[in-house]
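Contents: one structure, followed by commentary.
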Amino acid sequence: MKKIVLLFFALIPFLACNNDDDTTTPVVESDVSINFTQSFDNQSITANEFSNLEYTNENGEQLSISRLRYLMTDIVLTDSDGIETVIADYNFVDVGESTGAVLDAPTKFEQGDYTLSMRFGFSDADNNGVYTDLNALSWGVPAPLGGGYHYMQMEGVYINSEAVNTNYQFHTIRAAQNPGDDVTLTDTSIAVNLGTITIDGSATTIQVNMNIENWYKNPNLWNLNELYTMLMPNYDAQILMNENGQDVFTLGTVTTIEE
C-alpha cells in the first residue's frame with residue numbers, strides 16, 4: 001500500500017505540468033474590404049479622368065470614357081477547408097458617382113489563406129428583375145431583349161475612321177437572339193476567379209481591377225467603327241464581349257494593417 005501511495009504523489013507534478021500546457025491558441029480575426037478599381041493600360045480611371053480623349057485601344061482608335069457602371073455578384077471568400085463565406089450577393093459600381101468602389105465584408109475573417117471568387121453580372125438564376133435598388137438606377141434590360149439587368153454600361157466618345165468624334169455605347173447583357181416575343185437568351189455573365197488571398201493583420205484590403213483595354217483586344221480585336229452602338233440586341237456582339245471579358249478582372253494589391 002505504501003508503494004502505491006508514494007507512486008501517486010510522485011505523479012502529481014507531472015499531471016500538473018500537463019494541465020498547464022493544455023492551452024488554446026486564441027483566434028485572430030481581420031476586417032476585410034474589397035476595393036474595385038479601373039484602369040486602361042495601367043492608367044487609373046476615376047471620375048476625374050472622364051471625357052478625356054486619352055486612351056487608345058488595340059485597334060488604334062482614340063477614345064474617352066464618360067460613363068462606367070458595372071455589376072459584380074456572388075462575391076465569396078472560401079477558406080482552406082472549402083467553407084464559403086458570402087461577402088455580398090451583388091455590388092453595383094458607378095465610377096462617375098463614386099459609389100460601390102469599396103465593399104466591406106459583413107463579418108470578420110480568421111487570418112489565413114482564402115480564395116476569392118465573384119461573377120461579372122447576374123447568372124440567369126438571379127437575373128430576374130426583382131431588385132428594387134437596381135430598378136431605381138435604370139439598370140434593367142427591356143423585356144423584348146429578355147429582361148433582367150445589364151452587366152455593364154461603358155460609354156464615351158471615339159475618333160472614327162473619318163476623324164469625327166462619335167459617341168459609343170459598350171453595353172453588356174445576356175445575349176439575346178431574335179429579340180421580341182420569341183427571344184432566345186444565352187447567359188454571358190462571367191465567372192471571375194482571382195486566386196489565393198492571404199488575410200492578415202487587423203484589417204485586409206483586397207484590390208480587384210477592371211483592365212478596360214482587355215475588352216477591346218483578346219481574343220477578338222474590337223473595331224469601334226463597326227461595333228460602337230446598338231450592341232444590346234446584337235447577339236454576336238454580346239458573345240464577342242463575353243469572350244473578351246474573360247481576363248478583364250484581375251487581382252491587384254492586397255494591403256494589410258498590422259495589429
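If you're wondering about the labels, chains in the C-alpha cells are A, B, ... by order shown, residues count from 1 in each chain, ligands from 1 in order shown.
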
### Task
Go through range 84-237 of chain A and collect every residue that DSSP, computed from the backbone, puts in strand (DSSP E); the answer should be as a PyMOL selection string.
chain A and resi 84-94+102-104+109-110+112-120+152-159+165-172+175-177+184-186+190-199+203-211

### Message
I'd like the neighbourhood of Phe170 in chain A as a PyMOL selection string, where a residue qualifies if any of its atoms comes within 8 Å (using only C-alpha atoms), though same-chain residues fewer than 4 positions away should be ignored.
### Response
chain A and resi 152-155+228-229+231

Write out, as JSON lines, each residue of range 148-236 of chain A that has an atom at most 10 Å from range 125-128 of chain A, together with the closest pair of atoms and their distance in Å to one decimal, counting only C-alpha atoms, rows going by chain and rising number.
{"residue": "A:Gly148", "atom": "CA", "partner": "A:Asn127", "partner_atom": "CA", "distance": 4.9}
{"residue": "A:Tyr149", "atom": "CA", "partner": "A:Asn127", "partner_atom": "CA", "distance": 6.4}
{"residue": "A:His150", "atom": "CA", "partner": "A:Asn127", "partner_atom": "CA", "distance": 9.2}
{"residue": "A:Tyr151", "atom": "CA", "partner": "A:Asn127", "partner_atom": "CA", "distance": 10.0}
{"residue": "A:Arg174", "atom": "CA", "partner": "A:Asn127", "partner_atom": "CA", "distance": 9.2}
{"residue": "A:Asp187", "atom": "CA", "partner": "A:Asn127", "partner_atom": "CA", "distance": 9.4}
{"residue": "A:Ser189", "atom": "CA", "partner": "A:Asn127", "partner_atom": "CA", "distance": 9.9}

Dump as a tab-separated table (two decimals), in the first residue's frame, selection limited to all heavy atoms:
chain	number	residue	atom	x	y	z
A	148	GLY	N	-34.34	41.28	-67.13
A	148	GLY	CA	-33.16	41.17	-66.27
A	148	GLY	C	-32.40	42.47	-66.22
A	148	GLY	O	-32.97	43.56	-66.32
A	149	TYR	N	-31.08	42.38	-66.09
A	149	TYR	CA	-30.25	43.56	-65.87
A	149	TYR	C	-29.03	43.60	-66.77
A	149	TYR	O	-28.56	42.58	-67.27
A	149	TYR	CB	-29.79	43.59	-64.41
A	149	TYR	CG	-30.91	43.77	-63.42
A	149	TYR	CD1	-31.43	42.67	-62.74
A	149	TYR	CD2	-31.47	45.02	-63.19
A	149	TYR	CE1	-32.47	42.81	-61.83
A	149	TYR	CE2	-32.52	45.17	-62.29
A	149	TYR	CZ	-33.02	44.08	-61.62
A	149	TYR	OH	-34.06	44.23	-60.74
A	150	HIS	N	-28.53	44.82	-66.95
A	150	HIS	CA	-27.23	44.99	-67.59
A	150	HIS	C	-26.16	44.32	-66.73
A	150	HIS	O	-26.32	44.13	-65.52
A	150	HIS	CB	-26.87	46.48	-67.69
A	150	HIS	CG	-27.66	47.26	-68.69
A	150	HIS	ND1	-28.94	47.72	-68.45
A	150	HIS	CD2	-27.33	47.69	-69.94
A	150	HIS	CE1	-29.38	48.40	-69.50
A	150	HIS	NE2	-28.42	48.39	-70.42
A	151	TYR	N	-25.04	44.02	-67.37
A	151	TYR	CA	-23.82	43.67	-66.65
A	151	TYR	C	-22.93	44.92	-66.54
A	151	TYR	O	-22.32	45.17	-65.51
A	151	TYR	CB	-23.02	42.59	-67.36
A	151	TYR	CG	-23.76	41.30	-67.66
A	151	TYR	CD1	-23.32	40.47	-68.69
A	151	TYR	CD2	-24.87	40.90	-66.92
A	151	TYR	CE1	-23.96	39.27	-68.97
A	151	TYR	CE2	-25.52	39.71	-67.20
A	151	TYR	CZ	-25.06	38.89	-68.23
A	151	TYR	OH	-25.70	37.71	-68.50
A	174	ARG	N	-27.03	39.68	-71.07
A	174	ARG	CA	-27.04	38.31	-71.59
A	174	ARG	C	-27.47	38.38	-73.06
A	174	ARG	O	-28.32	39.19	-73.44
A	174	ARG	CB	-27.95	37.42	-70.77
A	174	ARG	CG	-29.38	37.85	-70.66
A	174	ARG	CD	-30.17	36.93	-69.75
A	174	ARG	NE	-31.47	37.49	-69.40
A	174	ARG	CZ	-32.27	36.97	-68.48
A	174	ARG	NH1	-31.92	35.88	-67.83
A	174	ARG	NH2	-33.42	37.53	-68.20
A	187	ASP	N	-26.76	32.96	-71.35
A	187	ASP	CA	-26.10	33.55	-70.18
A	187	ASP	C	-24.66	33.89	-70.56
A	187	ASP	O	-23.85	33.02	-70.83
A	187	ASP	CB	-26.13	32.55	-69.02
A	187	ASP	CG	-25.59	33.13	-67.72
A	187	ASP	OD1	-24.99	34.21	-67.75
A	187	ASP	OD2	-25.78	32.48	-66.68
A	189	SER	N	-22.85	36.07	-68.47
A	189	SER	CA	-22.13	36.53	-67.28
A	189	SER	C	-20.81	35.77	-67.19
A	189	SER	O	-20.64	34.72	-67.81
A	189	SER	CB	-22.97	36.31	-66.02
A	189	SER	OG	-23.22	34.92	-65.81

### Message
I need the residue nearest Asp133 in chain A from this list: A:Asn57, A:Gln238, A:Asn91, A:Thr78. Use only C-alpha atoms for the distance.
### Response
A:Asn91

### Task
From range 55-244 of chain A, collect each residue whose DSSP state is helix (DSSP H, G or I) and return the set as number ranges by chain.
A: 132-136, 143-145, 212-216, 235-244

### Task
Find the residues around Asn211 in chain A up to 6 Å (only C-alpha atoms counted), leave out those fewer than 4 positions away in its own chain, and share them as a PyMOL selection string.
chain A and resi 39-40+248

Take the residues from that selection and write them out as a PDB file, in the first residue's frame, keeping N, CA and C atoms.
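This is the output file part.pdb:
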ATOM      1  N   SER A  39      -8.692  50.607 -64.765  1.00  0.00           N
ATOM      2  CA  SER A  39      -7.533  51.208 -65.428  1.00  0.00           C
ATOM      3  C   SER A  39      -7.587  50.927 -66.915  1.00  0.00           C
ATOM      4  N   PHE A  40      -6.823  51.715 -67.664  1.00  0.00           N
ATOM      5  CA  PHE A  40      -6.659  51.494 -69.109  1.00  0.00           C
ATOM      6  C   PHE A  40      -5.162  51.526 -69.374  1.00  0.00           C
ATOM      7  N   VAL A 248     -10.558  40.320 -68.040  1.00  0.00           N
ATOM      8  CA  VAL A 248     -10.661  41.747 -67.739  1.00  0.00           C
ATOM      9  C   VAL A 248     -10.393  42.035 -66.264  1.00  0.00           C
TER      10      VAL A 248
END

### Query
At what distance in Å, to one decimal, does CA of Tyr235 in chain A lie from CA of Asp94 in chain A?
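CA of Asp94 in chain A sits 25.3 Å away from CA of Tyr235 in chain A.
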